[in-house]
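**Q** Take a look at entry19.txt, compact mmCIF, C-alpha atoms:
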# COMPACT_ATOMS: atom_id res chain seq x y z
CA MET A 1 117.43 112.93 130.25
CA ILE A 2 119.78 114.04 127.48
CA GLU A 3 117.63 116.27 125.26
CA THR A 4 120.35 117.55 122.90
CA LEU A 5 124.01 117.03 122.04
CA GLN A 6 126.52 119.35 120.43
CA GLY A 7 129.98 118.41 119.24
CA LYS A 8 132.23 117.50 116.33
CA VAL A 9 131.48 114.57 114.04
CA LEU A 10 134.35 112.08 114.43
CA PHE A 11 132.99 109.21 112.33
CA ILE A 12 129.98 108.44 110.16
CA GLU A 13 128.99 104.79 110.41
CA GLY A 14 126.34 102.65 108.76
CA ASP A 15 123.64 103.39 111.32
CA GLY A 16 124.76 106.66 112.85
CA ILE A 17 127.66 108.83 113.93
CA VAL A 18 130.27 109.15 116.64
CA LEU A 19 130.16 112.62 118.13
CA ASP A 20 133.01 114.20 120.11
CA VAL A 21 131.35 115.90 123.07
CA SER A 22 133.90 117.46 125.44
CA GLY A 23 136.42 114.74 124.64
CA PHE A 24 133.98 111.82 124.86
CA GLY A 25 133.19 109.86 121.68
CA ILE A 26 129.46 109.22 121.84
CA LYS A 27 127.69 106.86 119.42
CA VAL A 28 124.44 108.36 118.17
CA PHE A 29 122.04 106.28 116.06
CA SER A 30 120.79 108.83 113.53
CA THR A 31 117.96 109.55 111.10
CA ALA A 32 118.44 109.82 107.34
CA SER A 33 117.86 113.56 107.26
CA LEU A 34 120.57 114.12 109.86
CA LEU A 35 123.03 111.82 108.11
CA ARG A 36 122.48 113.54 104.76
CA THR A 37 123.44 116.95 106.13
CA ILE A 38 126.79 116.18 107.78
CA SER A 39 130.38 115.28 107.00
CA VAL A 40 133.27 114.17 109.21
CA GLY A 41 134.68 117.19 111.05
CA ASP A 42 131.43 119.15 111.08
CA ASP A 43 130.18 120.81 114.24
CA LEU A 44 126.75 119.36 114.92
CA PHE A 45 123.80 120.18 117.14
CA CYS A 46 121.11 117.51 117.29
CA TYR A 47 118.06 116.57 119.32
CA THR A 48 118.39 113.28 121.14
CA PHE A 49 116.62 110.54 123.05
CA LEU A 50 118.38 108.31 125.57
CA GLN A 51 117.02 104.77 125.86
CA VAL A 52 118.00 102.38 128.63
CA SER A 53 117.07 98.73 128.08
CA ALA A 54 118.25 95.23 128.91
CA ALA A 55 120.48 95.42 125.82
CA GLY A 56 122.24 98.51 127.13
CA ILE A 57 122.15 102.27 126.69
CA SER A 58 121.44 103.79 123.28
CA ILE A 59 121.32 107.41 122.15
CA PHE A 60 119.23 108.34 119.11
CA GLY A 61 119.83 111.57 117.21
CA PHE A 62 117.42 113.73 115.21
CA LEU A 63 117.74 116.78 112.99
CA THR A 64 114.48 118.29 114.28
CA GLU A 65 112.19 118.03 117.28
CA ARG A 66 109.46 116.87 114.92
CA GLU A 67 111.52 113.81 113.99
CA ARG A 68 112.06 113.03 117.65
CA ASP A 69 108.35 113.43 118.40
CA LEU A 70 107.55 110.92 115.64
CA PHE A 71 110.21 108.52 116.94
CA LEU A 72 108.66 108.68 120.42
CA GLU A 73 105.26 107.80 118.97
CA LEU A 74 106.73 104.86 117.03
CA VAL A 75 108.36 103.31 120.10
CA LYS A 76 105.03 103.39 121.92
CA VAL A 77 103.74 100.77 119.47
CA LYS A 78 104.04 97.24 120.84
CA THR A 79 107.07 95.35 119.42
CA VAL A 80 108.61 98.52 117.96
CA GLY A 81 111.80 99.28 119.86
CA GLY A 82 114.24 102.13 119.46
CA LYS A 83 116.47 100.38 116.93
CA LEU A 84 113.54 99.51 114.65
CA ALA A 85 112.06 102.99 114.96
CA ILE A 86 115.35 104.62 113.96
CA THR A 87 115.69 102.16 111.06
CA ILE A 88 112.33 103.36 109.75
CA LEU A 89 113.60 106.94 109.99
CA GLN A 90 116.79 105.93 108.18
CA TYR A 91 114.83 104.61 105.21
CA LEU A 92 112.09 107.25 105.18
CA ASP A 93 111.81 110.94 105.96
CA ALA A 94 109.50 111.89 108.82
CA GLU A 95 106.97 113.60 106.57
CA ASP A 96 106.65 110.53 104.34
CA ILE A 97 106.07 108.35 107.40
CA LEU A 98 103.42 110.71 108.75
CA LYS A 99 101.62 110.81 105.40
CA ALA A 100 101.82 107.04 104.97
CA ILE A 101 100.33 106.37 108.40
CA THR A 102 97.60 108.97 107.92
CA LEU A 103 96.66 107.54 104.52
CA GLY A 104 97.12 103.90 105.54
CA ASN A 105 99.75 103.44 102.82
CA THR A 106 101.36 100.24 104.07
CA THR A 107 103.52 99.84 100.95
CA VAL A 108 105.56 102.93 101.78
CA LEU A 109 106.27 101.66 105.28
CA SER A 110 107.82 98.40 104.06
CA VAL A 111 111.39 98.58 105.35
CA PRO A 112 113.74 95.79 106.51
CA GLY A 113 112.64 94.29 109.82
CA LEU A 114 109.09 95.58 109.52
CA GLY A 115 106.59 92.91 108.53
CA ALA A 116 103.06 93.41 107.23
CA LYS A 117 101.34 92.78 110.58
CA ARG A 118 103.62 95.21 112.39
CA ILE A 119 103.03 97.87 109.72
CA GLU A 120 99.27 97.44 110.10
CA ARG A 121 99.62 97.78 113.87
CA ILE A 122 101.63 100.99 113.46
CA CYS A 123 98.97 102.49 111.18
CA PHE A 124 96.10 101.36 113.41
CA GLU A 125 97.60 102.59 116.68
CA LEU A 126 99.20 105.81 115.47
CA LYS A 127 96.73 107.20 112.95
CA PRO A 128 94.46 108.88 115.56
CA LYS A 129 97.44 110.03 117.65
CA ILE A 130 99.23 111.54 114.67
CA ALA A 131 96.12 113.42 113.59
CA LYS A 132 96.19 115.20 116.97
CA LYS A 133 99.94 115.60 117.45
CA PHE A 134 100.81 116.54 113.86
CA PRO A 135 97.78 118.48 112.58
CA ASP A 136 99.85 120.31 109.94
CA ILE A 137 100.65 117.28 107.73
CA ASN A 138 100.41 118.34 104.09
CA LEU A 139 97.96 116.04 102.34
CA ASN A 140 97.03 118.36 99.48
CA ASP A 141 97.81 115.77 96.80
CA SER A 142 95.93 112.49 96.66
CA SER A 143 98.85 110.22 97.47
CA GLY A 144 100.97 112.46 99.67
CA ILE A 145 104.06 110.69 98.32
CA ASN A 146 105.63 110.30 94.88
CA GLN A 147 105.10 106.54 94.87
CA THR A 148 107.11 105.92 91.67
CA ALA A 149 110.17 107.80 92.91
CA PHE A 150 109.89 106.18 96.32
CA THR A 151 109.67 102.67 94.88
CA LEU A 152 112.68 103.26 92.62
CA ASP A 153 114.79 104.58 95.49
CA LYS A 154 113.77 101.68 97.73
CA ILE A 155 114.58 99.02 95.11
CA VAL A 156 118.05 100.49 94.56
CA LEU A 157 118.64 101.01 98.29
CA ASP A 158 117.69 97.40 99.05
CA ALA A 159 120.05 96.20 96.31
CA LEU A 160 122.95 98.27 97.63
CA THR A 161 122.50 97.26 101.26
CA GLY A 162 122.29 93.66 100.05
CA LEU A 163 125.73 94.15 98.51
CA GLY A 164 127.10 95.27 101.86
CA PHE A 165 126.94 99.05 101.54
CA SER A 166 125.55 100.95 104.52
CA ILE A 167 122.21 102.75 104.45
CA THR A 168 123.99 106.08 104.98
CA GLU A 169 126.47 105.84 102.11
CA SER A 170 123.85 104.29 99.82
CA MET A 171 121.32 107.08 100.36
CA LYS A 172 123.93 109.78 99.78
CA ALA A 173 125.07 108.09 96.58
CA ILE A 174 121.49 107.67 95.34
CA SER A 175 120.85 111.38 95.95
CA LEU A 176 124.00 112.34 94.03
CA SER A 177 123.12 110.03 91.15
CA LYS A 178 119.60 111.41 90.80
CA SER A 179 120.81 115.02 90.83
CA ALA A 180 122.92 114.28 87.73
CA TYR A 181 119.81 113.44 85.68
CA GLU A 182 118.17 116.55 84.21
CA ASP A 183 115.61 114.37 82.45
CA LYS A 184 114.03 112.38 85.28
CA SER A 185 112.20 110.19 82.76
CA MET A 186 115.57 108.56 82.05
CA LEU A 187 115.78 107.35 85.64
CA THR A 188 115.28 103.61 85.57
CA GLU A 189 116.15 101.01 88.16
CA GLU A 190 119.10 99.82 86.06
CA ASN A 191 120.44 103.31 85.29
CA LEU A 192 120.17 104.50 88.88
CA LEU A 193 121.81 101.36 90.26
CA LYS A 194 124.73 101.60 87.81
CA ALA A 195 125.27 105.30 88.50
CA THR A 196 125.09 104.82 92.26
CA LEU A 197 127.47 101.85 92.22
CA SER A 198 129.92 103.94 90.19
CA ILE A 199 129.89 106.64 92.89
CA LEU A 200 130.25 104.14 95.72
CA GLN A 201 133.15 102.34 94.05
CA ARG A 202 135.04 105.62 93.58
CA ASN A 203 134.89 106.36 97.31
How would this structure read if it were set down as structure tokens?
**A**
Amino acid sequence: MIETLQGKVLFIEGDGIVLDVSGFGIKVFSTASLLRTISVGDDLFCYTFLQVSAAGISIFGFLTERERDLFLELVKVKTVGGKLAITILQYLDAEDILKAITLGNTTVLSVPGLGAKRIERICFELKPKIAKKFPDINLNDSSGINQTAFTLDKIVLDALTGLGFSITESMKAISLSKSAYEDKSMLTEENLLKATLSILQRN
């Protein structure tokens, strides 16, 4: 089993990276938190999981062991394969997923490819397991997640991916756009989409 990889980032693609490991270019499907922290040319160490299936061999990359542990729980759910599990972790951070499952917040877990019945199954099957495996989840506030900010980000992200932009570049552009607003009350769906498109079109 390949537990970790270390090498230079050759390319950043829509769903992951290509990592140069001792002269071999290895495709690694990556989480959002990992993708947000890297640039082409960076030296990277990441935690990994190697999956062998009828479709071929896939390597999934994670910034932390905690992310990988969550991924491994997700793929234990019937009908949730590696590609869908990594997609969830590309749209949502691990802590938000853990909180959503614990609280039964199915709205937060609505990502492309994940229907209502599958979301309910994930919450039903994983809630007791997560309580044991991740006892340190911070649920101090009532919702666990800033629902307004999450919904705004998701609406804009869905719009951008619908226009053909990758999840990776869209999320980075959204983050840059939001950081430019000192007054967060001015952040509307229209303003954020315009600002993010402006950044993407400059690149």
**Q** Any idea what's packed within 10 Å of Lys129 (chain A), counting all atoms listed in the file, ignoring anything in its chain fewer than 5 positions away? Could you give it as a PyMOL selection string?
**A** chain A and resi 73+102+124+134-135
**Q** Quick one: pull the distance between CA of Val9 (chain A) and CA of Asp42 (chain A), Å, one decimal.
**A**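 So the answer is 5.5 Å.
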**Q** Let me make sure I understand: among A:Ser22, A:Thr107, A:Thr161, A:Thr48, which one has the smallest atom-to-atom distance to Leu5 (chain A) if we use all atoms listed in the file?
**A**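 Of A:Ser22, A:Thr107, A:Thr161, A:Thr48, the one nearest Leu5 (chain A), counting all atoms listed in the file, is A:Thr48.
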**Q** Which is closest to Glu13 (chain A) among A:Phe165, A:Ile174, A:Glu190, A:Leu44, if we use only C-alpha atoms?
**A**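 Going through A:Phe165, A:Ile174, A:Glu190, A:Leu44 one by one, the smallest distance to Glu13 (chain A) is for A:Phe165.
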**Q** Nearest residue to Lys178 (chain A) out of A:Leu152, A:Ala54, A:Ile122, A:Leu163, using all atoms listed in the file?
**A**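 Comparing A:Leu152, A:Ala54, A:Ile122, A:Leu163 against Lys178 (chain A), the winner is A:Leu152.
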**Q** Would you work out the distance separating CA of Leu187 (chain A) from CA of Val156 (chain A), expressed in Å to one decimal?
**A** 11.5 Å
**Q** Using all atoms listed in the file, find the one residue out of A:Asp93, A:Glu189, A:Asp20, A:Glu169 that sits nearest to Thr64 (chain A).
**A**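 Smallest separation from Thr64 (chain A) among the options: A:Asp93.
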**Q** Draw an axis-aligned box over all listed atoms of region 43-49 of chain A, pad each side with 6 Å, and write its centre and edge lengths in Å, one decimal, as lines of an AutoDock Vina configuration file.
**A**
center_x = 123.4
center_y = 115.7
center_z = 118.6
size_x = 25.6
size_y = 22.3
size_z = 20.8
**Q** Measuring between only C-alpha atoms, which one of A:Thr196, A:Gln6, A:Thr106, A:Thr87 shows the shortest distance to Asp43 (chain A)?
**A**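 Answer, going by the shortest atom-to-atom distance: A:Gln6.
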**Q** Could you pull the residues within 12 Å of Lys154 (chain A), counting all atoms listed in the file, minus those fewer than 2 positions along the same chain, as a list of chain:residue names?
**A**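 Counting only the stated atoms, we get A:Gln90, A:Tyr91, A:Leu92, A:Thr107, A:Val108, A:Leu109, A:Ser110, A:Val111, A:Pro112, A:Gln147, A:Thr148, A:Ala149, A:Phe150, A:Thr151, A:Leu152, A:Val156, A:Leu157, A:Asp158, A:Ala159, A:Leu160, A:Thr161, A:Gly162, A:Ile167, A:Ser170, A:Met171, A:Ile174, A:Glu189, A:Leu192, A:Leu193.
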**Q** Write the residues of the preceding selection, restricted to C-alpha atoms, as a compact mmCIF listing (two decimals), in the coordinates of the input.
**A**
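The file below, part_36.txt, is the result:
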# COMPACT_ATOMS: atom_id res chain seq x y z
CA GLN A 90 116.79 105.93 108.18
CA TYR A 91 114.83 104.61 105.21
CA LEU A 92 112.09 107.25 105.18
CA THR A 107 103.52 99.84 100.95
CA VAL A 108 105.56 102.93 101.78
CA LEU A 109 106.27 101.66 105.28
CA SER A 110 107.82 98.40 104.06
CA VAL A 111 111.39 98.58 105.35
CA PRO A 112 113.74 95.79 106.51
CA GLN A 147 105.10 106.54 94.87
CA THR A 148 107.11 105.92 91.67
CA ALA A 149 110.17 107.80 92.91
CA PHE A 150 109.89 106.18 96.32
CA THR A 151 109.67 102.67 94.88
CA LEU A 152 112.68 103.26 92.62
CA VAL A 156 118.05 100.49 94.56
CA LEU A 157 118.64 101.01 98.29
CA ASP A 158 117.69 97.40 99.05
CA ALA A 159 120.05 96.20 96.31
CA LEU A 160 122.95 98.27 97.63
CA THR A 161 122.50 97.26 101.26
CA GLY A 162 122.29 93.66 100.05
CA ILE A 167 122.21 102.75 104.45
CA SER A 170 123.85 104.29 99.82
CA MET A 171 121.32 107.08 100.36
CA ILE A 174 121.49 107.67 95.34
CA GLU A 189 116.15 101.01 88.16
CA LEU A 192 120.17 104.50 88.88
CA LEU A 193 121.81 101.36 90.26
**Q** Find, counting all atoms listed in the file, the residue in A:Lys127, A:Lys172, A:Arg68, A:Arg118 that gets nearest to Gly104 (chain A).
**A** A:Lys127
**Q** Would you mind reading off the distance between CA of Leu103 (chain A) and CA of Val75 (chain A), one decimal, in Å?
**A**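 We find that CA of Leu103 (chain A) and CA of Val75 (chain A) lie 19.9 Å from each other.
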**Q** Which residues are close to Ile199 (chain A), i.e. within 9 Å by only C-alpha atoms, leaving aside same-chain residues fewer than 4 positions away? Reply as an MDAnalysis selection string.
**A** chainID A and resid 173:174 176:177 194:195 203
**Q** Would you save the residues from that selection as a short mmCIF file (atom, residue, chain, number, x, y, z; two decimals), in the coordinates of the input, using C-alpha atoms?
**A**
data_model
loop_
_atom_site.label_atom_id
_atom_site.label_comp_id
_atom_site.auth_asym_id
_atom_site.auth_seq_id
_atom_site.Cartn_x
_atom_site.Cartn_y
_atom_site.Cartn_z
CA ALA A 173 125.07 108.09 96.58
CA ILE A 174 121.49 107.67 95.34
CA LEU A 176 124.00 112.34 94.03
CA SER A 177 123.12 110.03 91.15
CA LYS A 194 124.73 101.60 87.81
CA ALA A 195 125.27 105.30 88.50
CA ASN A 203 134.89 106.36 97.31
#
**Q** Please, could N, CA and C atoms be added to region 22-46 of chain A and the result written as an mmCIF file, in the coordinates of the input?
**A**
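part_22.cif, freshly written:
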data_model
loop_
_atom_site.group_PDB
_atom_site.id
_atom_site.type_symbol
_atom_site.label_atom_id
_atom_site.label_comp_id
_atom_site.auth_asym_id
_atom_site.auth_seq_id
_atom_site.Cartn_x
_atom_site.Cartn_y
_atom_site.Cartn_z
ATOM 1 N N SER A 22 132.977 117.172 124.330
ATOM 2 C CA SER A 22 133.900 117.460 125.440
ATOM 3 C C SER A 22 134.906 116.339 125.650
ATOM 4 N N GLY A 23 135.399 115.771 124.552
ATOM 5 C CA GLY A 23 136.420 114.740 124.640
ATOM 6 C C GLY A 23 135.895 113.321 124.714
ATOM 7 N N PHE A 24 134.584 113.157 124.816
ATOM 8 C CA PHE A 24 133.980 111.820 124.860
ATOM 9 C C PHE A 24 133.406 111.481 123.479
ATOM 10 N N GLY A 25 133.741 110.308 122.964
ATOM 11 C CA GLY A 25 133.190 109.860 121.680
ATOM 12 C C GLY A 25 131.881 109.137 121.917
ATOM 13 N N ILE A 26 130.787 109.761 121.552
ATOM 14 C CA ILE A 26 129.460 109.220 121.840
ATOM 15 C C ILE A 26 128.804 108.712 120.563
ATOM 16 N N LYS A 27 128.382 107.442 120.577
ATOM 17 C CA LYS A 27 127.690 106.860 119.420
ATOM 18 C C LYS A 27 126.232 107.323 119.435
ATOM 19 N N VAL A 28 125.803 107.869 118.306
ATOM 20 C CA VAL A 28 124.440 108.360 118.170
ATOM 21 C C VAL A 28 123.795 107.702 116.948
ATOM 22 N N PHE A 29 122.790 106.871 117.162
ATOM 23 C CA PHE A 29 122.040 106.280 116.060
ATOM 24 C C PHE A 29 121.186 107.390 115.438
ATOM 25 N N SER A 30 121.310 107.596 114.129
ATOM 26 C CA SER A 30 120.790 108.830 113.530
ATOM 27 C C SER A 30 119.796 108.596 112.401
ATOM 28 N N THR A 31 118.949 109.596 112.176
ATOM 29 C CA THR A 31 117.960 109.550 111.100
ATOM 30 C C THR A 31 118.619 109.887 109.760
ATOM 31 N N ALA A 32 117.911 109.565 108.687
ATOM 32 C CA ALA A 32 118.440 109.820 107.340
ATOM 33 C C ALA A 32 118.662 111.296 107.094
ATOM 34 N N SER A 33 117.733 112.132 107.524
ATOM 35 C CA SER A 33 117.860 113.560 107.260
ATOM 36 C C SER A 33 119.073 114.154 107.967
ATOM 37 N N LEU A 34 119.378 113.655 109.155
ATOM 38 C CA LEU A 34 120.570 114.120 109.860
ATOM 39 C C LEU A 34 121.832 113.644 109.154
ATOM 40 N N LEU A 35 121.855 112.383 108.762
ATOM 41 C CA LEU A 35 123.030 111.820 108.110
ATOM 42 C C LEU A 35 123.332 112.487 106.776
ATOM 43 N N ARG A 36 122.286 112.916 106.069
ATOM 44 C CA ARG A 36 122.480 113.540 104.760
ATOM 45 C C ARG A 36 123.108 114.923 104.857
ATOM 46 N N THR A 37 123.012 115.551 106.022
ATOM 47 C CA THR A 37 123.440 116.950 106.130
ATOM 48 C C THR A 37 124.843 117.115 106.696
ATOM 49 N N ILE A 38 125.516 116.029 107.068
ATOM 50 C CA ILE A 38 126.790 116.180 107.780
ATOM 51 C C ILE A 38 127.942 115.492 107.061
ATOM 52 N N SER A 39 129.142 115.911 107.440
ATOM 53 C CA SER A 39 130.380 115.280 107.000
ATOM 54 C C SER A 39 131.300 115.172 108.211
ATOM 55 N N VAL A 40 132.294 114.309 108.121
ATOM 56 C CA VAL A 40 133.270 114.170 109.210
ATOM 57 C C VAL A 40 133.955 115.517 109.433
ATOM 58 N N GLY A 41 134.055 115.916 110.700
ATOM 59 C CA GLY A 41 134.680 117.190 111.050
ATOM 60 C C GLY A 41 133.703 118.318 111.274
ATOM 61 N N ASP A 42 132.440 118.111 110.886
ATOM 62 C CA ASP A 42 131.430 119.150 111.080
ATOM 63 C C ASP A 42 131.096 119.327 112.555
ATOM 64 N N ASP A 43 130.758 120.553 112.927
ATOM 65 C CA ASP A 43 130.180 120.810 114.240
ATOM 66 C C ASP A 43 128.681 120.560 114.125
ATOM 67 N N LEU A 44 128.146 119.775 115.032
ATOM 68 C CA LEU A 44 126.750 119.360 114.920
ATOM 69 C C LEU A 44 125.980 119.601 116.206
ATOM 70 N N PHE A 45 124.769 120.120 116.047
ATOM 71 C CA PHE A 45 123.800 120.180 117.140
ATOM 72 C C PHE A 45 122.638 119.284 116.735
ATOM 73 N N CYS A 46 122.246 118.381 117.616
ATOM 74 C CA CYS A 46 121.110 117.510 117.290
ATOM 75 C C CYS A 46 120.245 117.269 118.517
#
